[in-house]
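Enquirer: What follows is upload.pdb, PDB, C-alpha atoms and all ligand atoms.
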```pdb
ATOM      1  CA  MET A   1      10.438  46.514  -7.195
ATOM      2  CA  TYR A   2       8.323  49.555  -7.873
ATOM      3  CA  PHE A   3       6.064  49.544 -10.839
ATOM      4  CA  HIS A   4       4.550  52.991 -10.657
ATOM      5  CA  LEU A   5       1.327  51.782  -9.121
ATOM      6  CA  LYS A   6       1.251  54.802  -6.893
ATOM      7  CA  ARG A   7       0.940  56.969  -9.954
ATOM      8  CA  LEU A   8      -2.179  55.071 -10.949
ATOM      9  CA  GLY A   9      -3.744  56.748  -7.960
ATOM     10  CA  TYR A  10      -4.866  53.773  -6.007
ATOM     11  CA  PHE A  11      -4.091  55.146  -2.614
ATOM     12  CA  ASP A  12      -7.380  56.406  -1.359
ATOM     13  CA  LYS A  13      -6.989  58.061   2.023
ATOM     14  CA  LYS A  14     -10.494  59.480   2.093
ATOM     15  CA  LYS A  15     -11.971  55.995   2.306
ATOM     16  CA  GLU A  16     -10.592  55.401   5.749
ATOM     17  CA  VAL A  17     -12.354  58.495   7.036
ATOM     18  CA  LYS A  18     -15.591  57.233   5.518
ATOM     19  CA  LEU A  19     -15.138  53.857   7.150
ATOM     20  CA  LYS A  20     -14.666  55.559  10.495
ATOM     21  CA  SER A  21     -17.918  57.437  10.201
ATOM     22  CA  LYS A  22     -19.915  54.238   9.948
ATOM     23  CA  ASN A  23     -20.956  52.988  13.311
ATOM     24  CA  SER A  24     -21.341  49.303  12.645
ATOM     25  CA  THR A  25     -19.223  46.461  13.959
ATOM     26  CA  GLY A  26     -18.671  45.274  10.377
ATOM     27  CA  LYS A  27     -17.197  48.596   9.270
ATOM     28  CA  GLN A  28     -15.114  48.848  12.450
ATOM     29  CA  GLY A  29     -13.582  45.481  11.601
ATOM     30  CA  GLU A  30     -12.766  46.636   8.081
ATOM     31  CA  LEU A  31     -11.088  49.766   9.431
ATOM     32  CA  LEU A  32      -9.008  47.726  11.840
ATOM     33  CA  VAL A  33      -7.869  45.387   9.069
ATOM     34  CA  ALA A  34      -7.184  48.322   6.721
ATOM     35  CA  ARG A  35      -4.797  49.675   9.361
ATOM     36  CA  LYS A  36      -3.023  46.319   9.657
ATOM     37  CA  LEU A  37      -2.663  46.016   5.897
ATOM     38  CA  LYS A  38      -0.647  49.249   5.902
ATOM     39  CA  LYS A  39       2.193  47.145   7.299
ATOM     40  CA  LEU A  40       2.630  45.639   3.843
ATOM     41  CA  ASP A  41       5.335  47.262   1.719
ATOM     42  CA  ASN A  42       3.478  49.766  -0.440
ATOM     43  CA  LYS A  43       6.070  49.406  -3.169
ATOM     44  CA  LYS A  44       4.911  45.817  -3.621
ATOM     45  CA  TYR A  45       1.274  45.810  -2.604
ATOM     46  CA  ILE A  46      -1.730  47.925  -3.369
ATOM     47  CA  VAL A  47      -4.512  47.703  -0.822
ATOM     48  CA  ILE A  48      -8.000  48.509  -2.065
ATOM     49  CA  ASN A  49     -10.489  48.941   0.766
ATOM     50  CA  ASP A  50     -14.266  48.706   0.614
ATOM     51  CA  MET A  51     -14.605  48.163  -3.106
ATOM     52  CA  TYR A  52     -17.891  47.910  -4.996
ATOM     53  CA  LEU A  53     -18.204  46.045  -8.281
ATOM     54  CA  ARG A  54     -21.340  45.874 -10.381
ATOM     55  CA  SER A  55     -22.221  42.657 -12.185
ATOM     56  CA  LYS A  56     -23.802  42.637 -15.641
ATOM     57  CA  SER A  57     -27.176  42.010 -14.007
ATOM     58  CA  GLY A  58     -26.759  45.217 -12.001
ATOM     59  CA  LYS A  59     -26.165  43.531  -8.663
ATOM     60  CA  LEU A  60     -23.525  45.206  -6.511
ATOM     61  CA  THR A  61     -20.878  43.223  -4.674
ATOM     62  CA  GLN A  62     -18.925  44.815  -1.857
ATOM     63  CA  ILE A  63     -15.450  43.474  -1.184
ATOM     64  CA  ASP A  64     -13.850  44.431   2.119
ATOM     65  CA  HIS A  65     -10.243  44.402   0.874
ATOM     66  CA  ILE A  66      -8.346  43.423  -2.241
ATOM     67  CA  VAL A  67      -4.563  43.319  -1.936
ATOM     68  CA  VAL A  68      -3.050  43.486  -5.405
ATOM     69  CA  SER A  69       0.522  42.350  -6.099
ATOM     70  CA  VAL A  70       2.612  40.400  -8.584
ATOM     71  CA  TYR A  71       2.249  37.515  -6.100
ATOM     72  CA  GLY A  72      -1.485  37.356  -6.597
ATOM     73  CA  LEU A  73      -4.714  39.153  -5.805
ATOM     74  CA  PHE A  74      -5.742  38.552  -2.209
ATOM     75  CA  VAL A  75      -9.474  38.845  -1.624
ATOM     76  CA  VAL A  76     -10.234  39.488   2.037
ATOM     77  CA  GLU A  77     -13.584  39.136   3.787
ATOM     78  CA  VAL A  78     -13.586  40.549   7.324
ATOM     79  CA  LYS A  79     -15.813  39.341  10.154
ATOM     80  CA  ASN A  80     -15.833  41.372  13.348
ATOM     81  CA  PHE A  81     -17.603  39.016  15.749
ATOM     82  CA  MET A  82     -17.243  39.033  19.506
ATOM     83  CA  GLY A  83     -17.300  35.520  20.962
ATOM     84  CA  THR A  84     -16.624  32.083  19.532
ATOM     85  CA  VAL A  85     -17.031  30.908  15.961
ATOM     86  CA  ILE A  86     -17.402  27.226  15.076
ATOM     87  CA  GLY A  87     -17.441  25.893  11.531
ATOM     88  CA  GLY A  88     -15.999  23.601   8.889
ATOM     89  CA  GLU A  89     -14.908  23.965   5.281
ATOM     90  CA  ASP A  90     -18.048  22.494   3.738
ATOM     91  CA  ASP A  91     -20.689  23.486   6.294
ATOM     92  CA  THR A  92     -23.442  25.638   4.843
ATOM     93  CA  VAL A  93     -23.692  27.663   8.017
ATOM     94  CA  TRP A  94     -21.269  28.360  10.832
ATOM     95  CA  THR A  95     -22.212  29.016  14.438
ATOM     96  CA  HIS A  96     -21.426  32.128  16.418
ATOM     97  CA  LEU A  97     -21.585  31.869  20.215
ATOM     98  CA  VAL A  98     -21.774  34.775  22.642
ATOM     99  CA  GLY A  99     -22.246  33.543  26.183
ATOM    100  CA  LYS A 100     -25.327  31.351  26.223
ATOM    101  CA  ARG A 101     -26.628  32.693  22.957
ATOM    102  CA  SER A 102     -25.819  31.315  19.545
ATOM    103  CA  TRP A 103     -26.890  31.833  15.998
ATOM    104  CA  ASP A 104     -26.011  30.667  12.532
ATOM    105  CA  PHE A 105     -24.440  32.674   9.760
ATOM    106  CA  TYR A 106     -23.602  31.766   6.203
ATOM    107  CA  ASN A 107     -20.229  30.037   5.795
ATOM    108  CA  PRO A 108     -17.914  33.030   5.118
ATOM    109  CA  LEU A 109     -15.682  30.857   2.917
ATOM    110  CA  ARG A 110     -18.625  30.458   0.536
ATOM    111  CA  GLN A 111     -19.414  34.140   0.771
ATOM    112  CA  ASN A 112     -15.830  35.028  -0.128
ATOM    113  CA  ASP A 113     -15.724  32.429  -2.920
ATOM    114  CA  ALA A 114     -18.718  34.226  -4.408
ATOM    115  CA  HIS A 115     -16.729  37.481  -4.276
ATOM    116  CA  VAL A 116     -13.785  35.788  -6.008
ATOM    117  CA  LYS A 117     -16.095  34.559  -8.766
ATOM    118  CA  VAL A 118     -17.445  38.065  -9.302
ATOM    119  CA  ILE A 119     -13.906  39.488  -9.535
ATOM    120  CA  LYS A 120     -12.824  36.703 -11.906
ATOM    121  CA  GLY A 121     -15.755  37.364 -14.200
ATOM    122  CA  PHE A 122     -15.172  41.070 -13.909
ATOM    123  CA  LEU A 123     -11.471  40.955 -14.806
ATOM    124  CA  GLY A 124     -11.946  38.470 -17.625
ATOM    125  CA  VAL A 125      -8.321  37.333 -17.260
ATOM    126  CA  ASP A 126      -6.992  34.351 -15.404
ATOM    127  CA  ALA A 127      -5.371  36.187 -12.514
ATOM    128  CA  PRO A 128      -4.398  34.219  -9.398
ATOM    129  CA  LEU A 129      -7.079  35.130  -6.855
ATOM    130  CA  ILE A 130      -6.494  34.040  -3.275
ATOM    131  CA  PRO A 131      -9.465  34.163  -0.872
ATOM    132  CA  ILE A 132      -8.860  34.859   2.807
ATOM    133  CA  VAL A 133     -11.412  35.139   5.615
ATOM    134  CA  CYS A 134     -10.178  37.330   8.455
ATOM    135  CA  PHE A 135     -11.816  37.455  11.871
ATOM    136  CA  THR A 136     -10.768  40.203  14.263
ATOM    137  CA  ASP A 137      -9.103  39.420  17.577
ATOM    138  CA  ARG A 138     -12.471  39.605  19.361
ATOM    139  CA  THR A 139     -13.238  36.177  17.937
ATOM    140  CA  THR A 140     -12.132  32.830  19.325
ATOM    141  CA  LEU A 141     -11.875  30.613  16.257
ATOM    142  CA  LYS A 142     -12.835  26.950  16.464
ATOM    143  CA  VAL A 143     -12.857  26.184  12.771
ATOM    144  CA  LYS A 144     -11.559  23.303  10.688
ATOM    145  CA  THR A 145     -10.823  24.481   7.181
ATOM    146  CA  LYS A 146      -8.363  23.968   4.361
ATOM    147  CA  SER A 147      -9.054  27.491   3.159
ATOM    148  CA  VAL A 148      -7.377  30.342   4.975
ATOM    149  CA  VAL A 149      -9.229  31.630   8.028
ATOM    150  CA  THR A 150      -7.086  33.880  10.167
ATOM    151  CA  ASN A 151      -6.817  37.011  12.328
ATOM    152  CA  PRO A 152      -5.411  40.424  11.277
ATOM    153  CA  ASP A 153      -1.760  39.641  12.159
ATOM    154  CA  GLY A 154      -2.037  36.244  10.486
ATOM    155  CA  LEU A 155      -3.486  37.913   7.431
ATOM    156  CA  VAL A 156      -0.524  40.239   6.963
ATOM    157  CA  GLU A 157       1.897  37.388   7.573
ATOM    158  CA  TYR A 158       0.101  35.078   5.134
ATOM    159  CA  ILE A 159       0.137  37.668   2.357
ATOM    160  CA  ALA A 160       3.771  38.639   2.982
ATOM    161  CA  ASN A 161       4.810  34.964   2.780
ATOM    162  CA  HIS A 162       3.854  34.809  -0.895
ATOM    163  CA  SER A 163       7.103  35.661  -2.648
ATOM    164  CA  LYS A 164       6.774  33.945  -6.009
ATOM    165  CA  PRO A 165       5.745  36.379  -8.769
ATOM    166  CA  LEU A 166       2.712  35.034 -10.654
ATOM    167  CA  ILE A 167       1.691  38.069 -12.659
ATOM    168  CA  SER A 168       3.882  40.241 -14.854
ATOM    169  CA  GLU A 169       4.151  43.876 -13.914
ATOM    170  CA  SER A 170       2.447  44.990 -17.116
ATOM    171  CA  GLU A 171      -0.443  42.576 -16.538
ATOM    172  CA  LEU A 172      -0.734  43.873 -13.019
ATOM    173  CA  SER A 173      -0.806  47.483 -14.178
ATOM    174  CA  ASN A 174      -3.602  46.535 -16.582
ATOM    175  CA  ILE A 175      -5.578  44.847 -13.823
ATOM    176  CA  VAL A 176      -5.212  47.820 -11.497
ATOM    177  CA  ALA A 177      -6.158  50.281 -14.231
ATOM    178  CA  TYR A 178      -9.190  48.171 -15.126
ATOM    179  CA  LEU A 179     -10.363  47.873 -11.516
ATOM    180  CA  LYS A 180      -9.910  51.593 -11.017
ATOM    181  CA  LYS A 181     -11.825  52.425 -14.169
ATOM    182  CA  ASN A 182     -14.741  50.113 -13.438
ATOM    183  CA  GLU A 183     -15.109  50.402  -9.690
ATOM    184  CA  ALA A 184     -18.617  51.509  -8.706
ATOM    185  CA  LYS A 185     -18.054  54.569  -6.551
ATOM    186  CA  GLY A 186     -19.854  57.227  -4.587
ATOM    187  CA  GLU A 187     -22.526  57.612  -1.965
ATOM    188  CA  LYS A 188     -25.289  56.661  -4.420
ATOM    189  CA  VAL A 189     -23.651  53.286  -4.989
ATOM    190  CA  LYS A 190     -23.386  52.672  -1.247
ATOM    191  CA  GLN A 191     -27.035  53.617  -0.817
ATOM    192  CA  GLU A 192     -28.047  51.291  -3.646
ATOM    193  CA  HIS A 193     -26.024  48.470  -2.132
ATOM    194  CA  LEU A 194     -27.701  49.028   1.253
ATOM    195  CA  GLU A 195     -31.087  48.880  -0.449
ATOM    196  CA  GLN A 196     -30.135  45.589  -2.101
ATOM    197  CA  ILE A 197     -29.177  44.238   1.328
ATOM    198  CA  ASN A 198     -32.403  45.542   2.879
ATOM    199  CA  ASP A 199     -34.401  43.697   0.227
ATOM    200  CA  LYS A 200     -32.683  40.568   1.445
ATOM    201  CA  LYS A 201     -33.626  41.394   5.024
ATOM    202  CA  LYS A 202     -37.285  41.593   3.992
ATOM    203  CA  TYR A 203     -36.825  38.163   2.510
ATOM    204  CA  TYR A 204     -35.554  37.057   5.900
ATOM    205  CA  LYS A 205     -38.531  38.646   7.634
ATOM    206  CA  ASN A 206     -40.924  36.685   5.460
ATOM    207  CA  GLY A 207     -40.084  33.730   7.587
ATOM    208  CA  LYS A 208     -37.291  32.089   5.658
ATOM    209  CA  TYR A 209     -34.011  32.005   7.473
ATOM    210  CA  VAL A 210     -31.225  32.937   5.112
ATOM    211  CA  GLY A 211     -28.744  34.323   7.655
ATOM    212  CA  GLU A 212     -25.938  35.829   5.645
ATOM    213  CA  SER A 213     -26.513  33.533   2.717
ATOM    214  CA  MET A 214     -27.473  36.409   0.490
ATOM    215  CA  GLY A 215     -23.983  37.733   0.844
ATOM    216  CA  ASN A 216     -23.635  40.858   2.868
ATOM    217  CA  ILE A 217     -26.074  40.969   5.739
ATOM    218  CA  GLN A 218     -24.055  42.260   8.654
ATOM    219  CA  ASP A 219     -26.745  42.108  11.318
ATOM    220  CA  LYS A 220     -26.427  39.456  13.985
ATOM    221  CA  VAL A 221     -29.659  37.996  15.239
ATOM    222  CA  SER A 222     -30.129  36.365  18.613
ATOM    223  CA  LYS A 223     -31.948  33.068  18.771
ATOM    224  CA  THR A 224     -33.935  34.319  21.763
ATOM    225  CA  LYS A 225     -36.710  36.861  21.264
ATOM    226  CA  CYS A 226     -37.477  40.197  22.891
ATOM    227  CA  PRO A 227     -39.335  39.413  26.157
ATOM    228  CA  LYS A 228     -41.471  42.570  25.782
ATOM    229  CA  CYS A 229     -42.747  42.268  22.229
ATOM    230  CA  GLY A 230     -41.459  39.003  20.776
ATOM    231  CA  SER A 231     -39.391  40.630  17.994
ATOM    232  CA  ARG A 232     -35.888  39.557  17.128
ATOM    233  CA  LEU A 233     -32.953  40.853  19.154
ATOM    234  CA  MET A 234     -30.200  42.340  17.015
ATOM    235  CA  LEU A 235     -26.554  42.834  17.968
ATOM    236  CA  ARG A 236     -25.929  46.568  18.066
ATOM    237  CA  THR A 237     -22.913  48.698  18.838
ATOM    238  CA  GLY A 238     -23.300  51.696  21.099
ATOM    239  CA  ASN A 239     -20.939  54.057  22.916
ATOM    240  CA  LYS A 240     -20.373  51.466  25.636
ATOM    241  CA  GLY A 241     -19.867  48.558  23.272
ATOM    242  CA  ASP A 242     -22.081  45.786  21.953
ATOM    243  CA  PHE A 243     -25.594  45.104  23.212
ATOM    244  CA  TRP A 244     -28.721  43.278  22.097
ATOM    245  CA  GLY A 245     -31.443  45.651  20.941
ATOM    246  CA  CYS A 246     -35.021  44.916  19.936
ATOM    247  CA  ASP A 247     -35.575  44.911  16.170
ATOM    248  CA  ASN A 248     -38.815  46.779  16.806
ATOM    249  CA  PHE A 249     -36.914  49.895  17.983
ATOM    250  CA  PRO A 250     -37.971  52.718  18.457
ATOM    251  CA  THR A 251     -41.453  51.321  19.217
ATOM    252  CA  CYS A 252     -39.872  48.897  21.686
ATOM    253  CA  LYS A 253     -36.796  50.064  23.559
ATOM    254  CA  HIS A 254     -35.834  46.753  25.161
ATOM    255  CA  THR A 255     -32.074  46.080  25.330
ATOM    256  CA  GLU A 256     -29.972  43.366  26.931
ATOM    257  CA  GLN A 257     -26.328  43.141  27.869
ATOM    258  CA  VAL A 258     -24.132  40.863  25.828
ATOM    259  CA  LYS A 259     -22.804  38.287  28.277
TER     260      LYS A 259
HETATM  261 ZN    ZN B 301     -39.197  44.373  21.789
END
```
Turn this file's structure into structure tokens for me.

Expert:
Amino acid sequence: MYFHLKRLGYFDKKKEVKLKSKNSTGKQGELLVARKLKKLDNKKYIVINDMYLRSKSGKLTQIDHIVVSVYGLFVVEVKNFMGTVIGGEDDTVWTHLVGKRSWDFYNPLRQNDAHVKVIKGFLGVDAPLIPIVCFTDRTTLKVKTKSVVTNPDGLVEYIANHSKPLISESELSNIVAYLKKNEAKGEKVKQEHLEQINDKKKYYKNGKYVGESMGNIQDKVSKTKCPKCGSRLMLRTGNKGDFWGCDNFPTCKHTEQVK
């Protein structure tokens, strides 16, 4: 089966380079998963990485990966967390443990369901959309869910196991063409999206804990405070790996090892 999807130009090699240049654990996770998804037969699957869609209200949604095929549209949210993750299908927040520290983050199933809704509204056709949350292999998963929560190898296997065509090839070509035409692209869009996320961080700083509930906040916050200045400690990635760094950097340079 080969329905000329390649000719539609959806194989964007430049994106991977861009992903690499971003030094955040979130982007590193996306890059890792993008590499795994290359295992899928490219005659049957189109992998769209790091896609931005704009809603009618102007809000941007960033989707880590969409795998498009006649077997369905797989919507993948990647979480690159080191440590243990505990959560259930209907919990509002899940817990992330690293050593003795723990913090809450918005249930990624809900976050991904929100992405699916945006795509559904965006496409305006009743395409079979399949949400998948993928943690990298740095995470020990202790989750109880009906929805699919997996690791990168499990992700590829899960997608490849869908062998019943649900969309006609012409419908699929239309969907791909529509996505391609309406994707919000370019550095300006990324900047705008970052600004939208930063607005949400200000909201967080005003004392209300929203964790990741606003959708895309990638920062991980420790429940313990900086011993020097009392600010939050944020999970950062440096040359030697992850560490806790004071949110008040560069004024305060306190860091702690991740245990
Ligand atoms: Zn500090």

Enquirer: Where does the PyMOL selection byres (((chain A and resi 167) around 7) and not hetatm) land in this file, that is, which residues does it pick, as a list in words?

Expert: Val70, Tyr71, Gly72, Pro165, Leu166, Ser168, Glu169, Glu171 and Leu172 of chain A

Enquirer: Using all atoms listed in the file, I'd like a table of the residues in segment 99-213 of chain A that come within 9 Å of segment 221-238 of chain A; for each, show the closest atom pair and its distance in Å rounded to one decimal, ordered by chain and ascending number, as a Markdown table.

Expert:
```
| residue | atom | partner | partner_atom | distance |
| --- | --- | --- | --- | --- |
| A:Arg101 | CA | A:Ser222 | CA | 6.7 |
| A:Ser102 | CA | A:Lys223 | CA | 6.4 |
| A:Trp103 | CA | A:Lys223 | CA | 5.9 |
| A:Asp104 | CA | A:Val221 | CA | 8.6 |
| A:Gly211 | CA | A:Val221 | CA | 8.5 |
```

Enquirer: From the set A:Asn161, A:Leu109, A:Lys36, A:Gly58, which residue has the shortest atom-to-atom contact distance to Lys146 of chain A, counting only C-alpha atoms?

Expert: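 Distance minimum relative to Lys146 of chain A lands on A:Leu109.
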
Enquirer: In Å, rounded to a single decimal, give me how far atom CA of Met82 of chain A is from atom CA of Phe249 of chain A.

Expert: 22.5 Å

Enquirer: I'd like to know which of A:Val133, A:Val176, A:Leu53, A:Leu97 is closest to Asn151 of chain A, using all atoms listed in the file.

Expert: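 For Asn151 of chain A, the nearest of the candidates is A:Val133.
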
Enquirer: Interatomic distance between atom CA of Gly26 of chain A and atom CA of Lys240 of chain A?

Expert: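 Taking atom CA of Gly26 of chain A as the start and atom CA of Lys240 of chain A as the end point, the length is 16.6 Å.
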
Enquirer: Anything within 6 Å of (-3.4, 35.2, -9.1): list those residues as JSON, numbers by chain, counting all atoms listed in the file and sticking to the file's coordinates.

Expert: {"A": [72, 73, 127, 128, 129]}

Enquirer: With distances taken over all atoms listed in the file, which of A:Gly245, A:Asn182, A:Gln191, A:Lys259 is nearest to ligand ZN 301 (chain B)?

Expert: A:Gly245

Enquirer: Nearest to Gln28 of chain A among A:Thr136, A:Thr92, A:Gln196, A:Gln111, with distances taken over all atoms listed in the file: which residue is it?

Expert: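 When distances to Gln28 of chain A are compared using all atoms listed in the file, the smallest one comes from A:Thr136.
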
Enquirer: I'd like the neighbourhood of Gly88 of chain A as a PDB file with C-alpha atoms, in the coordinates of the input, where a residue qualifies if any of its atoms comes within 8 Å (using only C-alpha atoms), though same-chain residues fewer than 6 positions away should be ignored.

Expert:
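Now in around.pdb:
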```pdb
ATOM      1  CA  TRP A  94     -21.269  28.360  10.832  1.00  0.00           C
ATOM      2  CA  VAL A 143     -12.857  26.184  12.771  1.00  0.00           C
ATOM      3  CA  LYS A 144     -11.559  23.303  10.688  1.00  0.00           C
ATOM      4  CA  THR A 145     -10.823  24.481   7.181  1.00  0.00           C
TER       5      THR A 145
END
```
